[in-house]
$ cat target_25.pdb   # PDB, C-alpha atoms and all ligand atoms
ATOM      1  CA  MET A  30     -21.296  31.041   7.011  1.00  0.00           C
ATOM      2  CA  ASP A  31     -24.277  28.952   5.990  1.00  0.00           C
ATOM      3  CA  LYS A  32     -24.030  25.586   7.754  1.00  0.00           C
ATOM      4  CA  SER A  33     -26.285  22.584   8.075  1.00  0.00           C
ATOM      5  CA  GLU A  34     -26.315  19.769  10.578  1.00  0.00           C
ATOM      6  CA  VAL A  35     -24.374  16.687   9.539  1.00  0.00           C
ATOM      7  CA  ASN A  36     -24.363  13.180  10.929  1.00  0.00           C
ATOM      8  CA  PRO A  37     -21.584  13.125  13.571  1.00  0.00           C
ATOM      9  CA  ILE A  38     -20.195   9.944  12.018  1.00  0.00           C
ATOM     10  CA  MET A  39     -19.740  11.864   8.739  1.00  0.00           C
ATOM     11  CA  ALA A  40     -18.300  14.955  10.454  1.00  0.00           C
ATOM     12  CA  CYS A  41     -14.786  13.586  10.052  1.00  0.00           C
ATOM     13  CA  ARG A  42     -15.176  14.389   6.354  1.00  0.00           C
ATOM     14  CA  GLY A  43     -14.570  17.988   7.402  1.00  0.00           C
ATOM     15  CA  PHE A  44     -10.923  17.147   8.028  1.00  0.00           C
ATOM     16  CA  PRO A  45      -8.596  18.037   5.151  1.00  0.00           C
ATOM     17  CA  ALA A  46      -6.285  14.979   5.209  1.00  0.00           C
ATOM     18  CA  PHE A  47      -4.179  12.968   7.615  1.00  0.00           C
ATOM     19  CA  PRO A  48      -0.564  11.921   7.395  1.00  0.00           C
ATOM     20  CA  VAL A  49      -0.356   8.315   6.290  1.00  0.00           C
ATOM     21  CA  VAL A  50       2.347   5.973   7.561  1.00  0.00           C
ATOM     22  CA  LEU A  51       3.528   2.396   7.260  1.00  0.00           C
ATOM     23  CA  VAL A  52       3.525   0.516  10.553  1.00  0.00           C
ATOM     24  CA  ALA A  53       5.643  -2.608  10.939  1.00  0.00           C
ATOM     25  CA  VAL A  54       5.141  -5.206  13.680  1.00  0.00           C
ATOM     26  CA  SER A  55       6.957  -8.441  14.413  1.00  0.00           C
ATOM     27  CA  ASP A  56       4.922 -11.635  14.795  1.00  0.00           C
ATOM     28  CA  GLY A  57       7.377 -12.814  17.470  1.00  0.00           C
ATOM     29  CA  LYS A  58       8.273 -15.867  15.341  1.00  0.00           C
ATOM     30  CA  GLY A  59      10.785 -14.307  12.988  1.00  0.00           C
ATOM     31  CA  ASN A  60       8.328 -12.742  10.530  1.00  0.00           C
ATOM     32  CA  SER A  61       6.701  -9.348  10.459  1.00  0.00           C
ATOM     33  CA  ASN A  62       3.874  -7.468   8.801  1.00  0.00           C
ATOM     34  CA  VAL A  63       3.483  -3.991   7.370  1.00  0.00           C
ATOM     35  CA  VAL A  64       0.237  -2.019   7.242  1.00  0.00           C
ATOM     36  CA  THR A  65      -0.962   1.394   6.054  1.00  0.00           C
ATOM     37  CA  ILE A  66      -2.304   3.627   8.841  1.00  0.00           C
ATOM     38  CA  ALA A  67      -3.839   7.097   8.534  1.00  0.00           C
ATOM     39  CA  LEU A  68      -4.965   7.256  12.172  1.00  0.00           C
ATOM     40  CA  VAL A  69      -1.643   8.418  13.555  1.00  0.00           C
ATOM     41  CA  HIS A  70      -0.828  11.237  15.926  1.00  0.00           C
ATOM     42  CA  MET A  71       1.735  12.551  18.379  1.00  0.00           C
ATOM     43  CA  PHE A  72       0.374  12.296  21.941  1.00  0.00           C
ATOM     44  CA  SER A  73       3.326  13.754  23.864  1.00  0.00           C
ATOM     45  CA  PHE A  74       6.450  15.701  22.894  1.00  0.00           C
ATOM     46  CA  ASN A  75       8.482  14.862  26.006  1.00  0.00           C
ATOM     47  CA  PRO A  76       8.605  11.955  26.380  1.00  0.00           C
ATOM     48  CA  PRO A  77       7.850  11.488  22.679  1.00  0.00           C
ATOM     49  CA  VAL A  78       4.724   9.331  22.424  1.00  0.00           C
ATOM     50  CA  MET A  79       3.039   8.441  19.149  1.00  0.00           C
ATOM     51  CA  GLY A  80      -0.318   6.704  18.748  1.00  0.00           C
ATOM     52  CA  ILE A  81      -1.826   4.577  15.985  1.00  0.00           C
ATOM     53  CA  GLY A  82      -5.496   3.603  15.610  1.00  0.00           C
ATOM     54  CA  VAL A  83      -6.011   0.020  14.460  1.00  0.00           C
ATOM     55  CA  SER A  84      -9.255  -1.816  13.757  1.00  0.00           C
ATOM     56  CA  PRO A  85      -9.629  -5.198  15.495  1.00  0.00           C
ATOM     57  CA  ALA A  86     -10.391  -6.650  12.042  1.00  0.00           C
ATOM     58  CA  ARG A  87      -6.752  -6.236  10.962  1.00  0.00           C
ATOM     59  CA  TYR A  88      -4.078  -8.917  11.149  1.00  0.00           C
ATOM     60  CA  THR A  89      -1.904  -6.114  12.523  1.00  0.00           C
ATOM     61  CA  TYR A  90      -4.265  -5.872  15.510  1.00  0.00           C
ATOM     62  CA  GLU A  91      -3.574  -9.522  16.405  1.00  0.00           C
ATOM     63  CA  LEU A  92       0.144  -8.870  16.182  1.00  0.00           C
ATOM     64  CA  LEU A  93      -0.058  -5.650  18.195  1.00  0.00           C
ATOM     65  CA  GLU A  94      -2.000  -7.334  20.976  1.00  0.00           C
ATOM     66  CA  ALA A  95       0.909  -9.742  21.468  1.00  0.00           C
ATOM     67  CA  ALA A  96       3.843  -7.479  20.569  1.00  0.00           C
ATOM     68  CA  GLU A  97       5.725  -5.140  22.872  1.00  0.00           C
ATOM     69  CA  ASP A  98       6.634  -2.694  20.155  1.00  0.00           C
ATOM     70  CA  PHE A  99       6.044  -1.410  16.620  1.00  0.00           C
ATOM     71  CA  SER A 100       7.660   0.986  14.187  1.00  0.00           C
ATOM     72  CA  ILE A 101       6.103   3.982  12.478  1.00  0.00           C
ATOM     73  CA  ASN A 102       7.662   4.675   9.099  1.00  0.00           C
ATOM     74  CA  VAL A 103       6.910   7.881   7.209  1.00  0.00           C
ATOM     75  CA  PRO A 104       6.790   7.278   3.458  1.00  0.00           C
ATOM     76  CA  SER A 105       7.493   9.890   0.811  1.00  0.00           C
ATOM     77  CA  LYS A 106       5.192  10.332  -2.170  1.00  0.00           C
ATOM     78  CA  ASP A 107       7.286   7.974  -4.328  1.00  0.00           C
ATOM     79  CA  LEU A 108       5.958   5.107  -2.182  1.00  0.00           C
ATOM     80  CA  VAL A 109       2.279   5.811  -2.884  1.00  0.00           C
ATOM     81  CA  GLU A 110       1.710   2.497  -4.727  1.00  0.00           C
ATOM     82  CA  GLU A 111       3.313   0.495  -1.907  1.00  0.00           C
ATOM     83  CA  VAL A 112       1.265   2.438   0.661  1.00  0.00           C
ATOM     84  CA  LEU A 113      -1.941   1.639  -1.221  1.00  0.00           C
ATOM     85  CA  TYR A 114      -0.995  -2.020  -1.543  1.00  0.00           C
ATOM     86  CA  CYS A 115      -0.233  -2.351   2.179  1.00  0.00           C
ATOM     87  CA  GLY A 116      -3.620  -0.796   2.899  1.00  0.00           C
ATOM     88  CA  GLN A 117      -5.529  -3.194   0.646  1.00  0.00           C
ATOM     89  CA  ARG A 118      -3.960  -6.571   1.288  1.00  0.00           C
ATOM     90  CA  SER A 119      -3.715  -8.482   4.531  1.00  0.00           C
ATOM     91  CA  GLY A 120      -0.600 -10.006   6.002  1.00  0.00           C
ATOM     92  CA  ARG A 121      -2.813 -13.026   6.713  1.00  0.00           C
ATOM     93  CA  GLU A 122      -2.636 -13.791   2.974  1.00  0.00           C
ATOM     94  CA  VAL A 123       0.562 -12.277   1.600  1.00  0.00           C
ATOM     95  CA  ASN A 124       4.003 -11.216   2.713  1.00  0.00           C
ATOM     96  CA  LYS A 125       3.624  -7.500   1.954  1.00  0.00           C
ATOM     97  CA  PHE A 126       7.321  -6.764   2.431  1.00  0.00           C
ATOM     98  CA  GLU A 127       8.183  -9.249  -0.316  1.00  0.00           C
ATOM     99  CA  GLU A 128       5.289  -8.316  -2.617  1.00  0.00           C
ATOM    100  CA  CYS A 129       6.133  -4.592  -2.430  1.00  0.00           C
ATOM    101  CA  GLY A 130       9.895  -4.955  -2.451  1.00  0.00           C
ATOM    102  CA  LEU A 131      10.141  -3.105   0.857  1.00  0.00           C
ATOM    103  CA  GLU A 132      13.148  -3.956   3.016  1.00  0.00           C
ATOM    104  CA  PRO A 133      12.503  -4.702   6.694  1.00  0.00           C
ATOM    105  CA  ARG A 134      15.614  -3.687   8.659  1.00  0.00           C
ATOM    106  CA  GLN A 135      16.052  -4.823  12.266  1.00  0.00           C
ATOM    107  CA  GLY A 136      15.119  -2.032  14.666  1.00  0.00           C
ATOM    108  CA  LYS A 137      17.937  -0.773  16.883  1.00  0.00           C
ATOM    109  CA  ARG A 138      15.931  -0.740  20.135  1.00  0.00           C
ATOM    110  CA  ILE A 139      12.848  -2.814  19.299  1.00  0.00           C
ATOM    111  CA  ARG A 140      12.038  -6.301  18.050  1.00  0.00           C
ATOM    112  CA  SER A 141       9.863  -5.051  15.164  1.00  0.00           C
ATOM    113  CA  PRO A 142      11.608  -4.000  11.961  1.00  0.00           C
ATOM    114  CA  VAL A 143      11.777  -0.537  10.434  1.00  0.00           C
ATOM    115  CA  ILE A 144      11.316   0.091   6.715  1.00  0.00           C
ATOM    116  CA  GLU A 145      14.523   1.039   4.984  1.00  0.00           C
ATOM    117  CA  GLU A 146      12.848   2.889   2.067  1.00  0.00           C
ATOM    118  CA  CYS A 147      11.002   5.329   4.372  1.00  0.00           C
ATOM    119  CA  PRO A 148      12.989   8.490   5.198  1.00  0.00           C
ATOM    120  CA  VAL A 149      11.750   8.600   8.812  1.00  0.00           C
ATOM    121  CA  ASN A 150      11.707   5.579  11.135  1.00  0.00           C
ATOM    122  CA  LEU A 151      10.313   5.787  14.669  1.00  0.00           C
ATOM    123  CA  GLU A 152      10.873   2.826  16.986  1.00  0.00           C
ATOM    124  CA  CYS A 153       8.037   2.715  19.519  1.00  0.00           C
ATOM    125  CA  VAL A 154       7.582   0.677  22.708  1.00  0.00           C
ATOM    126  CA  LYS A 155       3.914   0.177  23.580  1.00  0.00           C
ATOM    127  CA  CYS A 156       2.933   2.131  26.676  1.00  0.00           C
ATOM    128  CA  GLN A 157      -0.874   2.457  26.557  1.00  0.00           C
ATOM    129  CA  ARG A 158      -3.834   0.820  24.868  1.00  0.00           C
ATOM    130  CA  VAL A 159      -7.005   2.858  24.455  1.00  0.00           C
ATOM    131  CA  ASP A 160     -10.203   1.204  23.313  1.00  0.00           C
ATOM    132  CA  ALA A 161     -11.733   4.177  21.498  1.00  0.00           C
ATOM    133  CA  GLY A 162     -14.615   2.548  19.623  1.00  0.00           C
ATOM    134  CA  ASP A 163     -14.160   0.789  16.295  1.00  0.00           C
ATOM    135  CA  HIS A 164     -10.384   1.375  16.475  1.00  0.00           C
ATOM    136  CA  VAL A 165      -7.991   0.591  19.318  1.00  0.00           C
ATOM    137  CA  TRP A 166      -5.242   3.169  19.847  1.00  0.00           C
ATOM    138  CA  TYR A 167      -1.787   1.893  20.689  1.00  0.00           C
ATOM    139  CA  LEU A 168       0.420   4.560  22.170  1.00  0.00           C
ATOM    140  CA  GLY A 169       4.137   3.959  22.014  1.00  0.00           C
ATOM    141  CA  GLU A 170       7.106   5.826  23.393  1.00  0.00           C
ATOM    142  CA  VAL A 171       9.622   6.588  20.661  1.00  0.00           C
ATOM    143  CA  VAL A 172      12.822   5.021  22.027  1.00  0.00           C
ATOM    144  CA  HIS A 173      14.903   5.409  18.872  1.00  0.00           C
ATOM    145  CA  ALA A 174      14.410   7.433  15.701  1.00  0.00           C
ATOM    146  CA  GLU A 175      16.238   7.837  12.404  1.00  0.00           C
ATOM    147  CA  MET A 176      15.715  10.445   9.705  1.00  0.00           C
ATOM    148  CA  ALA A 177      17.298  10.685   6.251  1.00  0.00           C
ATOM    149  CA  LYS A 178      19.530  13.699   5.742  1.00  0.00           C
ATOM    150  CA  GLY A 179      17.714  16.538   3.993  1.00  0.00           C
ATOM    151  CA  VAL A 180      14.296  14.873   4.345  1.00  0.00           C
ATOM    152  CA  ASP A 181      11.771  16.941   2.432  1.00  0.00           C
ATOM    153  CA  ARG A 182       8.460  17.315   4.282  1.00  0.00           C
ATOM    154  CA  GLU A 183       6.820  18.559   1.125  1.00  0.00           C
ATOM    155  CA  ARG A 184       7.168  15.040  -0.232  1.00  0.00           C
ATOM    156  CA  ALA A 185       5.344  13.506   2.759  1.00  0.00           C
ATOM    157  CA  LEU A 186       2.169  11.663   1.924  1.00  0.00           C
ATOM    158  CA  MET A 187      -1.307  12.532   3.226  1.00  0.00           C
ATOM    159  CA  TYR A 188      -4.592  10.698   2.805  1.00  0.00           C
ATOM    160  CA  TRP A 189      -8.285  11.157   3.349  1.00  0.00           C
ATOM    161  CA  ALA A 190     -11.610  10.281   1.697  1.00  0.00           C
ATOM    162  CA  GLY A 191     -10.036   8.151  -1.006  1.00  0.00           C
ATOM    163  CA  GLU A 192      -7.406  10.710  -2.060  1.00  0.00           C
ATOM    164  CA  PHE A 193      -3.656  10.677  -1.567  1.00  0.00           C
ATOM    165  CA  ARG A 194      -2.062  14.148  -1.436  1.00  0.00           C
ATOM    166  CA  VAL A 195       1.230  15.750  -0.609  1.00  0.00           C
ATOM    167  CA  VAL A 196       1.659  18.521   1.952  1.00  0.00           C
ATOM    168  CA  GLY A 197       1.022  21.935   0.385  1.00  0.00           C
ATOM    169  CA  ASP A 198       2.916  25.233   0.330  1.00  0.00           C
ATOM    170  CA  VAL A 199       4.135  27.059   3.428  1.00  0.00           C
ATOM    171  CA  ILE A 200       1.799  30.089   3.509  1.00  0.00           C
ATOM    172  CA  ARG A 201       2.949  31.781   6.756  1.00  0.00           C
ATOM    173  CA  ARG A 202       5.621  31.362   9.419  1.00  0.00           C
ATOM    174  CA  ARG A 203       4.872  32.085  13.068  1.00  0.00           C
TER     175      ARG A 203
HETATM  176  C1  LIG A 301      -4.748   5.089   2.935  1.00  0.00           C
HETATM  177  C2  LIG A 301      -5.196   4.049   3.933  1.00  0.00           C
HETATM  178  C3  LIG A 301      -5.245   4.349   5.284  1.00  0.00           C
HETATM  179  C4  LIG A 301      -5.652   3.380   6.223  1.00  0.00           C
HETATM  180  N1  LIG A 301      -5.674   3.698   7.555  1.00  0.00           N
HETATM  181  C5  LIG A 301      -6.023   2.750   8.471  1.00  0.00           C
HETATM  182  C6  LIG A 301      -6.010   3.047   9.866  1.00  0.00           C
HETATM  183  O1  LIG A 301      -5.678   4.158  10.291  1.00  0.00           O
HETATM  184  N2  LIG A 301      -6.360   2.063  10.729  1.00  0.00           N
HETATM  185  C7  LIG A 301      -6.723   0.814  10.311  1.00  0.00           C
HETATM  186  O2  LIG A 301      -7.022  -0.071  11.134  1.00  0.00           O
HETATM  187  N3  LIG A 301      -6.744   0.500   8.976  1.00  0.00           N
HETATM  188  C8  LIG A 301      -6.384   1.433   8.067  1.00  0.00           C
HETATM  189  N4  LIG A 301      -6.395   1.145   6.724  1.00  0.00           N
HETATM  190  C9  LIG A 301      -6.794  -0.208   6.306  1.00  0.00           C
HETATM  191  C10 LIG A 301      -5.669  -1.257   6.468  1.00  0.00           C
HETATM  192  O3  LIG A 301      -4.427  -0.719   6.046  1.00  0.00           O
HETATM  193  C11 LIG A 301      -6.021  -2.497   5.621  1.00  0.00           C
HETATM  194  O4  LIG A 301      -7.231  -3.059   6.084  1.00  0.00           O
HETATM  195  C12 LIG A 301      -4.938  -3.553   5.578  1.00  0.00           C
HETATM  196  O5  LIG A 301      -5.183  -4.413   4.499  1.00  0.00           O
HETATM  197  C13 LIG A 301      -4.827  -4.361   6.862  1.00  0.00           C
HETATM  198  O6  LIG A 301      -3.719  -5.209   6.742  1.00  0.00           O
HETATM  199  P1  LIG A 301      -3.405  -6.385   7.787  1.00  0.00           P
HETATM  200  O7  LIG A 301      -4.584  -7.318   7.770  1.00  0.00           O
HETATM  201  O8  LIG A 301      -2.136  -6.985   7.246  1.00  0.00           O
HETATM  202  O9  LIG A 301      -3.214  -5.753   9.116  1.00  0.00           O
HETATM  203  C14 LIG A 301      -6.002   2.090   5.781  1.00  0.00           C
HETATM  204  C15 LIG A 301      -5.966   1.795   4.412  1.00  0.00           C
HETATM  205  C16 LIG A 301      -5.558   2.754   3.496  1.00  0.00           C
HETATM  206  C17 LIG A 301      -5.510   2.412   2.027  1.00  0.00           C
END
$ encode --input "target_25.pdb" --output "structure tokens" --more "lines below"
Ligand SMILES: Cc1cc2nc3c(=O)[nH]c(=O)nc-3n(C[C@H](O)[C@H](O)[C@H](O)COP(=O)(O)O)c2cc1C
Amino acid sequence: MDKSEVNPIMACRGFPAFPVVLVAVSDGKGNSNVVTIALVHMFSFNPPVMGIGVSPARYTYELLEAAEDFSINVPSKDLVEEVLYCGQRSGREVNKFEECGLEPRQGKRIRSPVIEECPVNLECVKCQRVDAGDHVWYLGEVVHAEMAKGVDRERALMYWAGEFRVVGDVIRRR
């Protein structure tokens, strides 16, 4: 394989794509915000711990610093326009729930809402904060989760380098 050195900052371009999710956080005063996040990963299976990477420039960062919890909502490909919108506009200026027609539903075990239109809703209670560089990672234990019946993972949305994709074919089972 013929390889050349690349700038480590650009090395992340070697990743194919990341799942992209909608994160909702309460402002503690009766309102909440929704934001698009591609830096998302599972950090532990048992207990289930998910992490999200958020830049301190985001309004969501301010909310997360004060909040005890957040929800991770997995959109299907039909929500691509809403996902893009929530990743381009700030909750400092607009109510993204209203502008996108997304319904915030009260979480069962957390103060932050979940997003009704997303087939998977994970209610997370903050358990660790990791200052990783230009993004802060908030790890949250999943204390309640809901999944639509017959959820189709092939319709899940991925994103990287300016391109939204869906998950591809199953090519092998282990
Ligand atoms: C596809 C996509 C993925 C994104 N992923 C992240 C991310 O992982 N972390 C982050 O801090 N911002 C991410 N952003 C940028 C924020 O979603 C964007 O700056 C948003 O407007 C911030 O909203 P807020 O100010 O209401 O928090 C992403 C944007 C898009 C379009």
$ resolve_selection --input "target_25.pdb" --expression "the PyMOL selection byres (((chain A and resi 187) around 9) and not hetatm)" --output "number ranges by chain"
A: 46-50, 67, 106, 185-186, 188-189, 192-196
$ residues_near_ligand --input "target_25.pdb" --ligand "ligand LIG 301 (chain A)" --cutoff "6 Å" --atoms "all atoms listed in the file" --output "PyMOL selection string"
chain A and resi 64-68+82-84+87-89+113+115-120+188
$ residues_around --input "target_25.pdb" --residues "Val143 (chain A)" --least-positions-apart "2" --cutoff "8 Å" --atoms "only C-alpha atoms" --output "PyMOL selection string"
chain A and resi 53+100-102+133-136+141+145+150-152
$ atom_distance --input "target_25.pdb" --atom1 "CA of Val199 (chain A)" --atom2 "CA of Arg182 (chain A)"
10.7 Å
$ closest_residue --input "target_25.pdb" --among "A:Val154, A:Leu168, A:Ile144, A:Ala161" --to "Ser73 (chain A)" --atoms "only C-alpha atoms"
A:Leu168
$ residues_around --input "target_25.pdb" --residues "Tyr114 (chain A)" --least-positions-apart "4" --cutoff "8 Å" --atoms "all atoms listed in the file" --output "mmCIF file with C-alpha atoms, in the frame of the given file"
data_model
loop_
_atom_site.group_PDB
_atom_site.id
_atom_site.type_symbol
_atom_site.label_atom_id
_atom_site.label_comp_id
_atom_site.auth_asym_id
_atom_site.auth_seq_id
_atom_site.Cartn_x
_atom_site.Cartn_y
_atom_site.Cartn_z
ATOM 1 C CA GLU A 110 1.710 2.497 -4.727
ATOM 2 C CA ARG A 118 -3.960 -6.571 1.288
ATOM 3 C CA LYS A 125 3.624 -7.500 1.954
ATOM 4 C CA CYS A 129 6.133 -4.592 -2.430
#
$ axis_aligned_box --input "target_25.pdb" --around "region 91-110 of chain A" --padding-each-side "5 Å" --output "lines of an AutoDock Vina configuration file"
center_x = 2.0
center_y = 0.3
center_z = 9.1
size_x = 21.2
size_y = 30.1
size_z = 37.6
$ atom_distance --input "target_25.pdb" --atom1 "CA of Val149 (chain A)" --atom2 "CA of Ala177 (chain A)"
6.5 Å
$ atom_distance --input "target_25.pdb" --atom1 "CA of Pro76 (chain A)" --atom2 "CA of Val171 (chain A)"
7.9 Å
$ decode --input "target_25.pdb" --residues "region 50-72 of chain A" --atoms "N, CA and C atoms" --output "tab-separated table (two decimals), in the first residue's frame"
chain	number	residue	atom	x	y	z
A	50	VAL	N	-26.53	12.23	15.62
A	50	VAL	CA	-27.70	12.18	16.50
A	50	VAL	C	-28.19	13.59	16.82
A	51	LEU	N	-29.39	13.66	17.35
A	51	LEU	CA	-29.92	14.92	17.87
A	51	LEU	C	-29.88	14.83	19.39
A	52	VAL	N	-29.23	15.80	20.00
A	52	VAL	CA	-29.13	15.84	21.46
A	52	VAL	C	-30.05	16.95	21.97
A	53	ALA	N	-30.85	16.63	22.97
A	53	ALA	CA	-31.74	17.63	23.56
A	53	ALA	C	-31.34	17.86	25.01
A	54	VAL	N	-31.34	19.15	25.40
A	54	VAL	CA	-30.97	19.52	26.78
A	54	VAL	C	-31.93	20.60	27.27
A	55	SER	N	-32.34	20.46	28.51
A	55	SER	CA	-33.21	21.46	29.13
A	55	SER	C	-32.38	22.66	29.57
A	56	ASP	N	-32.99	23.86	29.51
A	56	ASP	CA	-32.26	25.04	30.02
A	56	ASP	C	-32.56	25.26	31.51
A	57	GLY	N	-33.34	24.35	32.10
A	57	GLY	CA	-33.64	24.46	33.54
A	57	GLY	C	-34.70	25.51	33.85
A	58	LYS	N	-35.20	26.20	32.78
A	58	LYS	CA	-36.20	27.26	33.02
A	58	LYS	C	-37.47	26.97	32.22
A	59	GLY	N	-37.63	25.73	31.83
A	59	GLY	CA	-38.86	25.36	31.11
A	59	GLY	C	-38.69	25.27	29.61
A	60	ASN	N	-37.54	25.68	29.08
A	60	ASN	CA	-37.28	25.55	27.65
A	60	ASN	C	-36.16	24.54	27.43
A	61	SER	N	-35.97	24.18	26.17
A	61	SER	CA	-34.88	23.25	25.88
A	61	SER	C	-34.36	23.51	24.48
A	62	ASN	N	-33.20	22.93	24.20
A	62	ASN	CA	-32.56	23.13	22.90
A	62	ASN	C	-32.25	21.77	22.29
A	63	VAL	N	-32.13	21.77	20.97
A	63	VAL	CA	-31.76	20.54	20.27
A	63	VAL	C	-30.59	20.86	19.34
A	64	VAL	N	-29.62	19.95	19.28
A	64	VAL	CA	-28.42	20.18	18.49
A	64	VAL	C	-27.99	18.89	17.79
A	65	THR	N	-27.35	19.06	16.63
A	65	THR	CA	-26.84	17.93	15.85
A	65	THR	C	-25.43	17.59	16.30
A	66	ILE	N	-25.17	16.33	16.58
A	66	ILE	CA	-23.87	15.90	17.11
A	66	ILE	C	-23.41	14.63	16.38
A	67	ALA	N	-22.22	14.72	15.78
A	67	ALA	CA	-21.63	13.54	15.13
A	67	ALA	C	-20.57	12.89	16.04
A	68	LEU	N	-20.08	13.65	17.01
A	68	LEU	CA	-19.13	13.06	17.97
A	68	LEU	C	-19.93	12.36	19.05
A	69	VAL	N	-20.25	11.12	18.80
A	69	VAL	CA	-21.07	10.35	19.74
A	69	VAL	C	-20.55	8.92	19.77
A	70	HIS	N	-20.45	8.36	20.98
A	70	HIS	CA	-19.95	6.99	21.06
A	70	HIS	C	-20.44	6.33	22.34
A	71	MET	N	-20.43	4.98	22.31
A	71	MET	CA	-20.76	4.22	23.51
A	71	MET	C	-19.46	3.99	24.28
A	72	PHE	N	-19.43	4.35	25.55
A	72	PHE	CA	-18.21	4.22	26.35
A	72	PHE	C	-18.24	3.01	27.27
